[in-house]
Amino acid sequence: MTLALFRSIAATGSIAHAAALHDLVPSAVSKRIADLEALVGTPLLRRLRRGVELTPAGEELLRHAEGLRDAVERMSADMAAHATGRRGAIRVAANSSAISQFLPEDLAEFVAAEPDLHIHLTEMTSVEVIEAVRSDRADVGVFSGMTEAAGLSTQTYRRDTLVVVMPADHPLSERRRLKLADVVHEPFVALQTGSSIQAFLDRRAEDLGAHIRTQVAVQSFDGVRRMVQARLGIAILPYGAVEPYLDAARLAMVPLNEPWATRELLIAVRNPGTVTPQTAALIATLTGQPR
């Protein structure tokens with residue numbers, strides 16, 4: 001308040017005029033300026049017959065006061081941008097299926113619409129995604145609906161379909177569709193431990209009284225495709241992680257004829273009541289809702 005009074009005195013050249021602008025009596029303004037001069041240890045005003053003028057120290061203080069005012073205004077604008085969701089960073093944890101199939105285009109759409117919002121994307125297994133959201137290491141998670149997510153708020157993001165992928169000249173490539181029982185005894189290229197797909201397939205094989213024979217395990221869909229291409233085994237992957245690479249990688253893809261072959265990818269947050277405007281805007285884009 002005192003610096004605002006000081007700026008008004010500098011602008012009007014009058015304590016009385018400054019007092020009127022701030023709805024104060026002149027004596028109260030004079031007291032504020034006297035206190036300010038005592039604080040800085042030097043006179044800031046010269047009293048003239050008509051009005052006042054700034055001393056060199058007063059001119060210097062005015063420059064600082066105006067700089068502080070501008071900084072406060074910028075700070076207020078920046079904080080308002082954060083509060084309204086126009087600026088900030090969003091921590092997203094997502095599994096490989098979401099990252100390889102759907103998130104690139106969706107996140108590109110979001111960033112194009114909100115260039116001041118930054119996405120920190122980390123690829124994890126679905127189990128790791130759930131733990132990251134629960135422990136507040138991620139604002140939003142995208143994971144397989146095959147994974148337990150008790151205690152979190154979830155909604156559907158996308159649906160994908162699992163297919164069997166194999167070398168293009170594999171004997172099974174001529175089949176129109178396959179069941180897990182048709183392939184369970186083949187050597188498999190598997191995803192890393194913790195993959196929701198792999199854990200789910202292991203359980204379904206156990207239901208058949210069988211065991212998936214893993215020839216090699218890798219950490220990414222790209223690694224799986226390359227190993228299948230090298231004839232180290234077949235694999236079961238999401239459709240979107242296979243279809244774009246069929247011709248270039250000399251691979252074949254056969255639909256998996258199982259009721260569980262179509263699965264959901266879900267979005268999770270820890271508490272809908274504490275979701276920031278930034279995160280809410282991202283979720284609206286991912287789910288195709290109006291913002």
# chains A, B, ... in the order shown; residues from 1 in each chain; ligands from 1
>>> residues_around(residues="A:Asp169", least_positions_apart="4", cutoff="9 Å", atoms="only C-alpha atoms", output="PyMOL selection string")
chain A and resi 173-174+250-252
>>> write_last_selection(atoms="C-alpha atoms", output="compact mmCIF listing (two decimals), in the first residue's frame")
# COMPACT_ATOMS: atom_id res chain seq x y z
CA SER A 173 -1.13 -67.91 -40.87
CA GLU A 174 -3.68 -69.49 -43.22
CA ARG A 250 6.88 -59.89 -43.11
CA LEU A 251 4.43 -60.85 -40.39
CA ALA A 252 0.94 -62.37 -40.40
>>> select_by_dssp(residues="stretch 110-216 of chain A", states="alpha helix (DSSP H)", output="list of chain:residue names")
A:Phe110, A:Val111, A:Ala112, A:Ala113, A:Ser126, A:Val127, A:Glu128, A:Val129, A:Ile130, A:Glu131, A:Ala132, A:Val133, A:Arg134, A:Leu180, A:Ala181, A:Asp182, A:Val183, A:Ser196, A:Ile197, A:Gln198, A:Ala199, A:Phe200, A:Leu201, A:Asp202, A:Arg203, A:Arg204, A:Ala205, A:Glu206, A:Asp207
>>> write_last_selection(atoms="N, CA, C and O atoms", output="short mmCIF file (atom, residue, chain, number, x, y, z; two decimals), in the first residue's frame")
data_model
loop_
_atom_site.label_atom_id
_atom_site.label_comp_id
_atom_site.auth_asym_id
_atom_site.auth_seq_id
_atom_site.Cartn_x
_atom_site.Cartn_y
_atom_site.Cartn_z
N PHE A 110 -4.18 -32.60 -27.93
CA PHE A 110 -4.28 -31.82 -26.71
C PHE A 110 -3.22 -30.73 -26.66
O PHE A 110 -3.51 -29.58 -26.34
N VAL A 111 -1.98 -31.08 -26.96
CA VAL A 111 -0.88 -30.11 -26.89
C VAL A 111 -1.07 -29.01 -27.93
O VAL A 111 -0.75 -27.84 -27.68
N ALA A 112 -1.61 -29.36 -29.10
CA ALA A 112 -1.87 -28.33 -30.12
C ALA A 112 -2.90 -27.32 -29.61
O ALA A 112 -2.81 -26.13 -29.90
N ALA A 113 -3.89 -27.80 -28.86
CA ALA A 113 -4.93 -26.91 -28.33
C ALA A 113 -4.48 -26.16 -27.09
O ALA A 113 -4.98 -25.07 -26.79
N SER A 126 0.88 -51.99 -16.57
CA SER A 126 -0.40 -51.56 -16.00
C SER A 126 -0.37 -51.58 -14.47
O SER A 126 -0.93 -50.68 -13.82
N VAL A 127 0.29 -52.58 -13.90
CA VAL A 127 0.40 -52.64 -12.43
C VAL A 127 1.17 -51.43 -11.92
O VAL A 127 0.78 -50.80 -10.91
N GLU A 128 2.24 -51.06 -12.61
CA GLU A 128 3.03 -49.89 -12.21
C GLU A 128 2.23 -48.60 -12.37
O GLU A 128 2.36 -47.67 -11.56
N VAL A 129 1.39 -48.53 -13.42
CA VAL A 129 0.55 -47.35 -13.62
C VAL A 129 -0.38 -47.16 -12.43
O VAL A 129 -0.51 -46.05 -11.88
N ILE A 130 -1.02 -48.23 -12.00
CA ILE A 130 -1.94 -48.16 -10.86
C ILE A 130 -1.21 -47.67 -9.62
O ILE A 130 -1.69 -46.80 -8.88
N GLU A 131 -0.03 -48.21 -9.36
CA GLU A 131 0.73 -47.80 -8.18
C GLU A 131 1.17 -46.35 -8.27
O GLU A 131 1.21 -45.63 -7.27
N ALA A 132 1.51 -45.89 -9.47
CA ALA A 132 1.94 -44.50 -9.65
C ALA A 132 0.79 -43.54 -9.35
O ALA A 132 0.99 -42.49 -8.73
N VAL A 133 -0.42 -43.89 -9.77
CA VAL A 133 -1.58 -43.03 -9.48
C VAL A 133 -1.89 -43.07 -7.99
O VAL A 133 -2.15 -42.04 -7.37
N ARG A 134 -1.87 -44.25 -7.40
CA ARG A 134 -2.18 -44.38 -5.97
C ARG A 134 -1.21 -43.59 -5.10
O ARG A 134 -1.59 -43.00 -4.09
N LEU A 180 -7.03 -69.77 -28.20
CA LEU A 180 -5.80 -69.94 -27.43
C LEU A 180 -5.37 -71.39 -27.41
O LEU A 180 -4.16 -71.69 -27.48
N ALA A 181 -6.33 -72.32 -27.37
CA ALA A 181 -5.99 -73.74 -27.36
C ALA A 181 -5.25 -74.16 -28.63
O ALA A 181 -4.47 -75.12 -28.61
N ASP A 182 -5.45 -73.43 -29.72
CA ASP A 182 -4.78 -73.76 -31.00
C ASP A 182 -3.31 -73.38 -30.99
O ASP A 182 -2.53 -73.92 -31.80
N VAL A 183 -2.92 -72.47 -30.11
CA VAL A 183 -1.55 -71.94 -30.17
C VAL A 183 -0.78 -72.11 -28.87
O VAL A 183 0.42 -71.82 -28.83
N SER A 196 0.38 -56.74 -18.27
CA SER A 196 -0.99 -57.19 -18.01
C SER A 196 -1.42 -58.24 -19.04
O SER A 196 -2.12 -59.20 -18.71
N ILE A 197 -0.98 -58.06 -20.30
CA ILE A 197 -1.34 -59.04 -21.33
C ILE A 197 -0.75 -60.40 -20.99
O ILE A 197 -1.44 -61.42 -21.02
N GLN A 198 0.53 -60.42 -20.65
CA GLN A 198 1.19 -61.69 -20.40
C GLN A 198 0.62 -62.39 -19.18
O GLN A 198 0.39 -63.60 -19.19
N ALA A 199 0.37 -61.63 -18.12
CA ALA A 199 -0.20 -62.23 -16.91
C ALA A 199 -1.58 -62.80 -17.20
O ALA A 199 -1.93 -63.89 -16.73
N PHE A 200 -2.35 -62.09 -18.00
CA PHE A 200 -3.70 -62.55 -18.34
C PHE A 200 -3.63 -63.82 -19.19
O PHE A 200 -4.38 -64.78 -18.95
N LEU A 201 -2.73 -63.85 -20.17
CA LEU A 201 -2.60 -65.03 -21.02
C LEU A 201 -2.15 -66.24 -20.23
O LEU A 201 -2.61 -67.36 -20.46
N ASP A 202 -1.25 -66.03 -19.27
CA ASP A 202 -0.81 -67.14 -18.43
C ASP A 202 -1.99 -67.73 -17.67
O ASP A 202 -2.10 -68.97 -17.55
N ARG A 203 -2.87 -66.88 -17.16
CA ARG A 203 -4.04 -67.38 -16.41
C ARG A 203 -5.00 -68.12 -17.32
O ARG A 203 -5.56 -69.17 -16.95
N ARG A 204 -5.20 -67.61 -18.54
CA ARG A 204 -6.11 -68.30 -19.46
C ARG A 204 -5.53 -69.64 -19.91
O ARG A 204 -6.28 -70.61 -20.11
N ALA A 205 -4.22 -69.72 -20.06
CA ALA A 205 -3.59 -71.01 -20.38
C ALA A 205 -3.77 -72.01 -19.25
O ALA A 205 -4.04 -73.20 -19.47
N GLU A 206 -3.64 -71.53 -18.01
CA GLU A 206 -3.86 -72.40 -16.86
C GLU A 206 -5.28 -72.93 -16.83
O GLU A 206 -5.52 -74.08 -16.43
N ASP A 207 -6.25 -72.12 -17.25
CA ASP A 207 -7.65 -72.57 -17.32
C ASP A 207 -7.78 -73.74 -18.28
O ASP A 207 -8.70 -74.57 -18.13
#
>>> residues_around(residues="A:Thr161", least_positions_apart="6", cutoff="10 Å", atoms="only C-alpha atoms", output="list of chain:residue names")
A:Leu237, A:Pro238, A:Tyr239, A:Gly240, A:Pro255, A:Leu256, A:Trp260, A:Ala261, A:Thr262, A:Arg263, A:Glu264
>>> write_last_selection(atoms="N, CA, C and O atoms", output="mmCIF file, in the first residue's frame")
data_model
loop_
_atom_site.group_PDB
_atom_site.id
_atom_site.type_symbol
_atom_site.label_atom_id
_atom_site.label_comp_id
_atom_site.auth_asym_id
_atom_site.auth_seq_id
_atom_site.Cartn_x
_atom_site.Cartn_y
_atom_site.Cartn_z
ATOM 1 N N LEU A 237 -0.631 -59.977 -29.300
ATOM 2 C CA LEU A 237 -0.464 -58.540 -29.087
ATOM 3 C C LEU A 237 -1.753 -57.815 -29.459
ATOM 4 O O LEU A 237 -2.602 -58.372 -30.158
ATOM 5 N N PRO A 238 -1.889 -56.555 -29.059
ATOM 6 C CA PRO A 238 -3.035 -55.756 -29.525
ATOM 7 C C PRO A 238 -2.963 -55.515 -31.031
ATOM 8 O O PRO A 238 -1.878 -55.359 -31.601
ATOM 9 N N TYR A 239 -4.137 -55.470 -31.645
ATOM 10 C CA TYR A 239 -4.238 -55.258 -33.087
ATOM 11 C C TYR A 239 -3.420 -54.050 -33.540
ATOM 12 O O TYR A 239 -2.672 -54.112 -34.527
ATOM 13 N N GLY A 240 -3.559 -52.926 -32.828
ATOM 14 C CA GLY A 240 -2.881 -51.700 -33.243
ATOM 15 C C GLY A 240 -1.376 -51.757 -33.136
ATOM 16 O O GLY A 240 -0.680 -50.916 -33.721
ATOM 17 N N PRO A 255 -6.967 -63.129 -36.165
ATOM 18 C CA PRO A 255 -7.806 -62.761 -35.011
ATOM 19 C C PRO A 255 -7.859 -63.874 -33.976
ATOM 20 O O PRO A 255 -7.842 -65.062 -34.311
ATOM 21 N N LEU A 256 -7.916 -63.477 -32.725
ATOM 22 C CA LEU A 256 -8.013 -64.417 -31.607
ATOM 23 C C LEU A 256 -9.496 -64.564 -31.259
ATOM 24 O O LEU A 256 -10.145 -63.613 -30.814
ATOM 25 N N TRP A 260 -12.630 -62.956 -24.424
ATOM 26 C CA TRP A 260 -11.820 -61.967 -23.711
ATOM 27 C C TRP A 260 -10.822 -61.251 -24.614
ATOM 28 O O TRP A 260 -10.012 -60.462 -24.138
ATOM 29 N N ALA A 261 -10.865 -61.530 -25.917
ATOM 30 C CA ALA A 261 -9.865 -60.949 -26.818
ATOM 31 C C ALA A 261 -10.049 -59.451 -27.001
ATOM 32 O O ALA A 261 -9.098 -58.735 -27.330
ATOM 33 N N THR A 262 -11.274 -58.949 -26.828
ATOM 34 C CA THR A 262 -11.497 -57.498 -26.849
ATOM 35 C C THR A 262 -11.459 -57.001 -25.417
ATOM 36 O O THR A 262 -12.204 -57.480 -24.558
ATOM 37 N N ARG A 263 -10.584 -56.081 -25.125
ATOM 38 C CA ARG A 263 -10.386 -55.609 -23.756
ATOM 39 C C ARG A 263 -10.457 -54.089 -23.717
ATOM 40 O O ARG A 263 -10.328 -53.419 -24.741
ATOM 41 N N GLU A 264 -10.632 -53.574 -22.528
ATOM 42 C CA GLU A 264 -10.715 -52.128 -22.342
ATOM 43 C C GLU A 264 -9.393 -51.563 -21.849
ATOM 44 O O GLU A 264 -8.689 -52.207 -21.064
#
>>> closest_residue(among="A:Gly41, A:Pro171, A:Gly288, A:Pro187", to="A:Glu109", atoms="only C-alpha atoms")
A:Gly288
>>> residues_around(residues="A:Phe102", least_positions_apart="3", cutoff="12 Å", atoms="only C-alpha atoms", output="list of chain:residue names")
A:Ala94, A:Asn95, A:Ser96, A:Ser97, A:Ala98, A:Ile99, A:Glu105, A:Asp106, A:Leu107, A:Ala108, A:Glu109, A:Val142, A:Tyr157, A:Arg158, A:Arg159, A:Asp160, A:Pro238, A:Tyr239, A:Gly240, A:Ala241, A:Leu265, A:Leu286, A:Thr287
>>> residues_around(residues="A:Gln289", least_positions_apart="5", cutoff="12 Å", atoms="only C-alpha atoms", output="PDB file with C-alpha atoms, in the first residue's frame")
ATOM      1  CA  TYR A 157     -10.493 -44.751 -22.647  1.00  0.00           C
ATOM      2  CA  ALA A 280      -9.583 -32.502 -16.323  1.00  0.00           C
ATOM      3  CA  ALA A 281      -8.930 -30.855 -19.697  1.00  0.00           C
ATOM      4  CA  LEU A 282      -6.637 -33.706 -20.723  1.00  0.00           C
ATOM      5  CA  ILE A 283      -9.141 -36.369 -19.678  1.00  0.00           C
ATOM      6  CA  ALA A 284     -11.854 -34.568 -21.643  1.00  0.00           C
TER       7      ALA A 284
END
>>> residues_around(residues="A:Glu60", least_positions_apart="6", cutoff="12 Å", atoms="only C-alpha atoms", output="number ranges by chain")
A: 7, 10, 40, 42-45, 54, 66-67
>>> closest_residue(among="A:Leu21, A:Leu152, A:Ala11, A:Met1", to="A:Ile33", atoms="only C-alpha atoms")
A:Met1
>>> closest_residue(among="A:Thr12, A:Thr122, A:Gln219, A:Thr154", to="A:Gly51", atoms="only C-alpha atoms")
A:Thr12
>>> select_by_dssp(residues="stretch 155-218 of chain A", states="strand (DSSP E)", output="PyMOL selection string")
chain A and resi 155-167+187-191+213-218
>>> write_last_selection(atoms="C-alpha atoms", output="PDB file, in the first residue's frame")
ATOM      1  CA  GLN A 155     -13.447 -44.592 -16.907  1.00  0.00           C
ATOM      2  CA  THR A 156     -13.126 -46.188 -20.317  1.00  0.00           C
ATOM      3  CA  TYR A 157     -10.493 -44.751 -22.647  1.00  0.00           C
ATOM      4  CA  ARG A 158     -10.390 -47.126 -25.639  1.00  0.00           C
ATOM      5  CA  ARG A 159     -11.012 -50.753 -26.562  1.00  0.00           C
ATOM      6  CA  ASP A 160      -8.464 -52.898 -28.343  1.00  0.00           C
ATOM      7  CA  THR A 161      -8.436 -56.438 -29.705  1.00  0.00           C
ATOM      8  CA  LEU A 162      -5.798 -59.086 -29.156  1.00  0.00           C
ATOM      9  CA  VAL A 163      -4.483 -60.974 -32.200  1.00  0.00           C
ATOM     10  CA  VAL A 164      -1.991 -63.745 -32.845  1.00  0.00           C
ATOM     11  CA  VAL A 165       1.122 -62.572 -34.703  1.00  0.00           C
ATOM     12  CA  MET A 166       3.561 -64.901 -36.465  1.00  0.00           C
ATOM     13  CA  PRO A 167       5.964 -64.999 -39.427  1.00  0.00           C
ATOM     14  CA  PRO A 187       6.896 -71.346 -28.546  1.00  0.00           C
ATOM     15  CA  PHE A 188       6.007 -67.795 -27.511  1.00  0.00           C
ATOM     16  CA  VAL A 189       7.693 -64.429 -27.553  1.00  0.00           C
ATOM     17  CA  ALA A 190       6.459 -62.866 -24.331  1.00  0.00           C
ATOM     18  CA  LEU A 191       6.360 -59.412 -22.817  1.00  0.00           C
ATOM     19  CA  ARG A 213       6.208 -71.877 -23.246  1.00  0.00           C
ATOM     20  CA  THR A 214       8.146 -68.628 -23.371  1.00  0.00           C
ATOM     21  CA  GLN A 215      11.082 -68.819 -25.757  1.00  0.00           C
ATOM     22  CA  VAL A 216      12.198 -65.240 -25.131  1.00  0.00           C
ATOM     23  CA  ALA A 217      10.834 -62.285 -23.151  1.00  0.00           C
ATOM     24  CA  VAL A 218      11.335 -58.651 -24.129  1.00  0.00           C
TER      25      VAL A 218
END
>>> decode(residues="stretch 184-204 of chain A", atoms="N, CA and C atoms", output="PDB file, in the first residue's frame")
ATOM      1  N   VAL A 184      -1.436 -72.577 -27.816  1.00  0.00           N
ATOM      2  CA  VAL A 184      -0.818 -72.544 -26.495  1.00  0.00           C
ATOM      3  C   VAL A 184       0.447 -73.405 -26.428  1.00  0.00           C
ATOM      4  N   HIS A 185       0.569 -74.383 -27.291  1.00  0.00           N
ATOM      5  CA  HIS A 185       1.754 -75.244 -27.244  1.00  0.00           C
ATOM      6  C   HIS A 185       2.879 -74.764 -28.178  1.00  0.00           C
ATOM      7  N   GLU A 186       2.647 -73.658 -28.876  1.00  0.00           N
ATOM      8  CA  GLU A 186       3.691 -73.065 -29.711  1.00  0.00           C
ATOM      9  C   GLU A 186       4.710 -72.342 -28.824  1.00  0.00           C
ATOM     10  N   PRO A 187       5.960 -72.219 -29.272  1.00  0.00           N
ATOM     11  CA  PRO A 187       6.896 -71.346 -28.546  1.00  0.00           C
ATOM     12  C   PRO A 187       6.434 -69.898 -28.662  1.00  0.00           C
ATOM     13  N   PHE A 188       6.520 -69.154 -27.555  1.00  0.00           N
ATOM     14  CA  PHE A 188       6.007 -67.795 -27.511  1.00  0.00           C
ATOM     15  C   PHE A 188       7.125 -66.791 -27.306  1.00  0.00           C
ATOM     16  N   VAL A 189       6.940 -65.620 -27.926  1.00  0.00           N
ATOM     17  CA  VAL A 189       7.693 -64.429 -27.553  1.00  0.00           C
ATOM     18  C   VAL A 189       6.799 -63.659 -26.591  1.00  0.00           C
ATOM     19  N   ALA A 190       7.286 -63.444 -25.381  1.00  0.00           N
ATOM     20  CA  ALA A 190       6.459 -62.866 -24.331  1.00  0.00           C
ATOM     21  C   ALA A 190       6.920 -61.457 -23.996  1.00  0.00           C
ATOM     22  N   LEU A 191       6.009 -60.717 -23.370  1.00  0.00           N
ATOM     23  CA  LEU A 191       6.360 -59.412 -22.817  1.00  0.00           C
ATOM     24  C   LEU A 191       6.946 -59.589 -21.428  1.00  0.00           C
ATOM     25  N   GLN A 192       7.610 -58.558 -20.974  1.00  0.00           N
ATOM     26  CA  GLN A 192       8.287 -58.564 -19.684  1.00  0.00           C
ATOM     27  C   GLN A 192       7.358 -58.973 -18.542  1.00  0.00           C
ATOM     28  N   THR A 193       7.954 -59.436 -17.455  1.00  0.00           N
ATOM     29  CA  THR A 193       7.203 -59.724 -16.241  1.00  0.00           C
ATOM     30  C   THR A 193       6.495 -58.461 -15.769  1.00  0.00           C
ATOM     31  N   GLY A 194       5.227 -58.600 -15.440  1.00  0.00           N
ATOM     32  CA  GLY A 194       4.441 -57.440 -15.024  1.00  0.00           C
ATOM     33  C   GLY A 194       3.508 -56.947 -16.105  1.00  0.00           C
ATOM     34  N   SER A 195       3.689 -57.408 -17.343  1.00  0.00           N
ATOM     35  CA  SER A 195       2.786 -57.014 -18.419  1.00  0.00           C
ATOM     36  C   SER A 195       1.398 -57.575 -18.149  1.00  0.00           C
ATOM     37  N   SER A 196       0.379 -56.739 -18.265  1.00  0.00           N
ATOM     38  CA  SER A 196      -0.991 -57.195 -18.015  1.00  0.00           C
ATOM     39  C   SER A 196      -1.416 -58.236 -19.044  1.00  0.00           C
ATOM     40  N   ILE A 197      -0.983 -58.059 -20.303  1.00  0.00           N
ATOM     41  CA  ILE A 197      -1.337 -59.036 -21.334  1.00  0.00           C
ATOM     42  C   ILE A 197      -0.748 -60.395 -20.994  1.00  0.00           C
ATOM     43  N   GLN A 198       0.530 -60.418 -20.648  1.00  0.00           N
ATOM     44  CA  GLN A 198       1.188 -61.690 -20.399  1.00  0.00           C
ATOM     45  C   GLN A 198       0.621 -62.393 -19.184  1.00  0.00           C
ATOM     46  N   ALA A 199       0.374 -61.627 -18.119  1.00  0.00           N
ATOM     47  CA  ALA A 199      -0.196 -62.231 -16.914  1.00  0.00           C
ATOM     48  C   ALA A 199      -1.580 -62.799 -17.205  1.00  0.00           C
ATOM     49  N   PHE A 200      -2.354 -62.089 -17.997  1.00  0.00           N
ATOM     50  CA  PHE A 200      -3.697 -62.553 -18.337  1.00  0.00           C
ATOM     51  C   PHE A 200      -3.627 -63.823 -19.187  1.00  0.00           C
ATOM     52  N   LEU A 201      -2.734 -63.846 -20.173  1.00  0.00           N
ATOM     53  CA  LEU A 201      -2.602 -65.028 -21.021  1.00  0.00           C
ATOM     54  C   LEU A 201      -2.153 -66.244 -20.225  1.00  0.00           C
ATOM     55  N   ASP A 202      -1.253 -66.032 -19.275  1.00  0.00           N
ATOM     56  CA  ASP A 202      -0.805 -67.140 -18.432  1.00  0.00           C
ATOM     57  C   ASP A 202      -1.987 -67.734 -17.669  1.00  0.00           C
ATOM     58  N   ARG A 203      -2.875 -66.877 -17.157  1.00  0.00           N
ATOM     59  CA  ARG A 203      -4.035 -67.375 -16.410  1.00  0.00           C
ATOM     60  C   ARG A 203      -5.001 -68.123 -17.324  1.00  0.00           C
ATOM     61  N   ARG A 204      -5.201 -67.614 -18.542  1.00  0.00           N
ATOM     62  CA  ARG A 204      -6.112 -68.297 -19.464  1.00  0.00           C
ATOM     63  C   ARG A 204      -5.526 -69.644 -19.907  1.00  0.00           C
TER      64      ARG A 204
END
